[in-house]
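Undergrad: Below are the structure tokens for one structure; questions will follow.
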Amino acid sequence: MNILVATDAWHPQVNGVVRTLAMTAEAAKALGADIAFLTPQSFRTFALPSYPGLRLALPFGAKIARLIADARPDSIHIATEGPIGIAVRRYCRKHDLPFTTSFHTRFPDYVSARLPVRESWIWAALRRFHRGSRAVMAATPALANELRGRGFRNVVLWPRGVDTTLFHPRDVDLGLPRPVFLCVGRVAVEKNLEAFLALDLPGTKVIVGDGPARASLMRSYPDAVFLGAQQGEELARSYAGADVFVFPSRTDTFGLVLLEALASGKPVAAFPVSGPRDVLGTAPVGALNEDLAEACRIALGVSRQDCLEFATRHTWGASARAFIEHMTEISHSEPQSDVAPLMPELPRFVA
């Protein structure tokens, strides 16, 4: 099976969407599926005014059509609601092609944190974007239920995994006063990092990541350690050198960093909101509390072995299998009322 994934989020961006797509593609090979990507690398890009590190593509219809034809996919998945996602969706609708989508980011929360725009308007735009998708993939049951409640249709589960060959316990000394409380992610307003940095905690607070809020946060919290963006072994060592992983975000739909921390044997401290609550459930692998400082103190006493055992149950193989099954099932599903019927010979649709 040849799957084409259209995404506005791609390297060199470092985020959960990019990691999810890359790891899913790698794991899919063992399941007999080949996943190719249509990304901003094929187009001119521009930087967002409030976020210079994030660049969006300037796709145009003729090149989108040519790239899809060259890929000769059996099915198409649209991973993001940006310019590329919009252009590929338009192509699919114009040519009566079935497609699936996924919901990764709470854009209503992110936009409202920066601009005076009603969240209801953004939710309405997202519903329109995902309308016509044969399967809207969500990472957790709670997110799936929320989307259904907001009027999204054909919502299915696409779970996430963690690379335990990279993220695992190891002896690492970061050379910082302990305990070390670590946070990994984009350094931006929607990540709620000040809720972590302002806590009265012993030891050291460490931030791994980059983003538009980094300079101002470094000035406001000079006692915290900002290590910048990290990947691979460098990132794995930072997890291993910490004592507790702190996740202050109230808007993330999942948080791959939670699984990476747990696979490294590090308990989680977070607010009791949908992202961490959906990932951790009732497992004794961390502490969820509206008093984040108290959650951090409780997490220090959590069993590292419990964290490891929890993480090993989340594999990228299982994630890729679920993704491929949803892509396969679209050929047997009925289109929504505003979508033309599925063409009889899917592999020929780009000829």
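Every chain in the structure tokens takes a letter, A first, then B, and so on in the order presented; its residues are numbered from 1, and the ligands are numbered from 1 following the presented order.
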Determine which residues of segment 171-350 of chain A receive a DSSP assignment of alpha helix (DSSP H), computed from the backbone, and state them as an MDAnalysis selection string.
TA: chainID A and resid 194:197 214:220 232:241 256:263 274:280 292:299 304:311 316:329
Undergrad: Write out as a PDB file with N, CA and C atoms, in the first residue's frame which residues come within 8 Å of segment 219-223 of chain A when counting only C-alpha atoms, dropping same-chain ones fewer than 6 positions away.
TA:
ATOM      1  N   LEU A 197       7.888  27.687  35.443  1.00  0.00           N
ATOM      2  CA  LEU A 197       9.072  28.460  35.832  1.00  0.00           C
ATOM      3  C   LEU A 197       8.855  29.273  37.102  1.00  0.00           C
ATOM      4  N   ALA A 198       7.615  29.633  37.382  1.00  0.00           N
ATOM      5  CA  ALA A 198       7.328  30.448  38.565  1.00  0.00           C
ATOM      6  C   ALA A 198       7.186  29.611  39.840  1.00  0.00           C
ATOM      7  N   THR A 204      16.722  22.371  40.377  1.00  0.00           N
ATOM      8  CA  THR A 204      16.873  23.148  39.147  1.00  0.00           C
ATOM      9  C   THR A 204      15.710  22.907  38.196  1.00  0.00           C
ATOM     10  N   LYS A 205      15.249  23.979  37.569  1.00  0.00           N
ATOM     11  CA  LYS A 205      14.256  23.881  36.495  1.00  0.00           C
ATOM     12  C   LYS A 205      14.987  23.974  35.163  1.00  0.00           C
TER      13      LYS A 205
END
Undergrad: Give me, as a PyMOL selection string, all polymer residues having an atom no more than 10 Å from Ile122 of chain A, counting only C-alpha atoms and skipping those fewer than 3 positions away in the same chain.
TA: chain A and resi 106-109+111-112+117-119+125-128
Undergrad: Store the residues picked out above in a file with C-alpha atoms, as a PDB file, in the first residue's frame.
TA:
ATOM      1  CA  ARG A 106      -5.930  22.867  19.300  1.00  0.00           C
ATOM      2  CA  PHE A 107      -5.705  25.880  17.015  1.00  0.00           C
ATOM      3  CA  PRO A 108      -8.636  27.657  18.742  1.00  0.00           C
ATOM      4  CA  ASP A 109      -6.619  27.774  21.971  1.00  0.00           C
ATOM      5  CA  VAL A 111      -5.012  31.555  18.114  1.00  0.00           C
ATOM      6  CA  SER A 112      -6.990  33.014  21.016  1.00  0.00           C
ATOM      7  CA  VAL A 117     -10.464  35.909  17.641  1.00  0.00           C
ATOM      8  CA  ARG A 118     -13.416  33.930  18.950  1.00  0.00           C
ATOM      9  CA  GLU A 119     -12.636  30.269  19.512  1.00  0.00           C
ATOM     10  CA  ALA A 125     -13.342  26.576  10.263  1.00  0.00           C
ATOM     11  CA  LEU A 126     -11.848  23.294  11.493  1.00  0.00           C
ATOM     12  CA  ARG A 127     -15.176  21.508  11.112  1.00  0.00           C
ATOM     13  CA  ARG A 128     -15.367  22.713   7.521  1.00  0.00           C
TER      14      ARG A 128
END
Undergrad: With only C-alpha atoms as the basis for distance, which of A:Val189, A:Leu48, A:Leu174, A:Val17 is at the shortest distance from Asp210 of chain A?
TA: A:Val189
Undergrad: Would you please work out which residue, of A:Asp200, A:Asp96, A:Asp291, A:Glu260, is nearest to Leu235 of chain A when using only C-alpha atoms?
TA: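 Answer, going by the shortest atom-to-atom distance: A:Glu260.
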Undergrad: By how many Å are atom CA of Pro141 of chain A and atom CA of Phe323 of chain A apart?
TA: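 If I compute the distance from atom CA of Pro141 of chain A to atom CA of Phe323 of chain A, I get 15.1 Å.
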Undergrad: Under the rule that only C-alpha atoms are counted, which of A:Leu4, A:Leu256, A:Leu176, A:Met327 is the nearest residue to His104 of chain A?
TA: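 For His104 of chain A, the nearest of the candidates is A:Leu256.
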Undergrad: Residues within 6 Å of segment 302-307 of chain A, please, as a ChimeraX atom specification. Count only C-alpha atoms; anything in the same chain fewer than 6 positions from it doesn't count.
TA: /A:262,265,285
Undergrad: Write a file of the just-selected residues containing C-alpha atoms, as a compact mmCIF listing (two decimals), in the first residue's frame.
TA:
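Output (result.txt):
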# COMPACT_ATOMS: atom_id res chain seq x y z
CA LEU A 262 8.17 7.76 31.02
CA GLY A 265 12.03 6.22 33.74
CA VAL A 285 3.29 7.03 36.80
Undergrad: Quick one: pick out all strand (DSSP E or B) residues within segment 63-304 of chain A from a backbone DSSP run and write them as an NGL selection string.
TA: :A and (75-78 or 99-102 or 136-138 or 155-157 or 180-184 or 204-208 or 225-228 or 244-247 or 268-270 or 286-288)
Undergrad: For atom CA of Ser120 of chain A and atom CA of Arg150 of chain A, determine how far apart the two atoms are, in Å to one decimal place.
TA: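 Value for the atom CA of Ser120 of chain A-atom CA of Arg150 of chain A distance: 10.0 Å.
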Undergrad: Got a sec: who's within 7 Å of Val155 of chain A, counting only C-alpha atoms, leaving out chain neighbours fewer than 6 positions off, as a ChimeraX atom specification?
TA: /A:135-138,144,148
Undergrad: How would the residues just chosen look if you wrote them out with N, CA and C atoms as a short mmCIF file (atom, residue, chain, number, x, y, z; two decimals), in the first residue's frame?
TA:
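File again30.cif, as written:
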data_model
loop_
_atom_site.label_atom_id
_atom_site.label_comp_id
_atom_site.auth_asym_id
_atom_site.auth_seq_id
_atom_site.Cartn_x
_atom_site.Cartn_y
_atom_site.Cartn_z
N ALA A 135 -12.09 9.55 7.54
CA ALA A 135 -11.73 9.23 8.92
C ALA A 135 -10.94 10.40 9.49
N VAL A 136 -11.45 11.01 10.55
CA VAL A 136 -10.73 12.06 11.26
C VAL A 136 -10.03 11.39 12.44
N MET A 137 -8.71 11.31 12.39
CA MET A 137 -7.96 10.52 13.36
C MET A 137 -7.58 11.37 14.57
N ALA A 138 -7.89 10.85 15.78
CA ALA A 138 -7.58 11.52 17.03
C ALA A 138 -6.73 10.60 17.90
N ALA A 144 -11.29 12.21 20.85
CA ALA A 144 -12.27 11.76 19.86
C ALA A 144 -13.68 12.13 20.29
N ARG A 148 -16.34 14.71 18.42
CA ARG A 148 -17.71 14.32 18.07
C ARG A 148 -18.72 15.30 18.67
#
Undergrad: What's the 7 Å shell around segment 51-61 of chain A, counting only C-alpha atoms, without same-chain residues fewer than 2 positions away, as a list in words?
TA: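 Contacts, with the query itself left out: Asp8, Pro40, Phe43, Arg44, Thr45, Phe46, Ala47, Leu48, Pro49, Lys63, Ile64, Ala65, Pro83, Ile84, Ala87, Gly211 and Pro212 of chain A.
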Undergrad: Counting only C-alpha atoms, which residue out of A:Ala22, A:Ala236, A:Val273, A:Ile298 sits closest to Asp171 of chain A?
TA: A:Ala236
Undergrad: Using only C-alpha atoms, can you tell me which of A:Leu97, A:Leu288, A:Ile3, A:Ile324 comes closest to Trp158 of chain A?
TA: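 Comparing A:Leu97, A:Leu288, A:Ile3, A:Ile324 against Trp158 of chain A, the winner is A:Ile324.
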Undergrad: Using only C-alpha atoms, which residue out of A:Pro169, A:Pro159, A:Gly16, A:Gly317 lies closest to Leu31 of chain A?
TA: A:Gly317
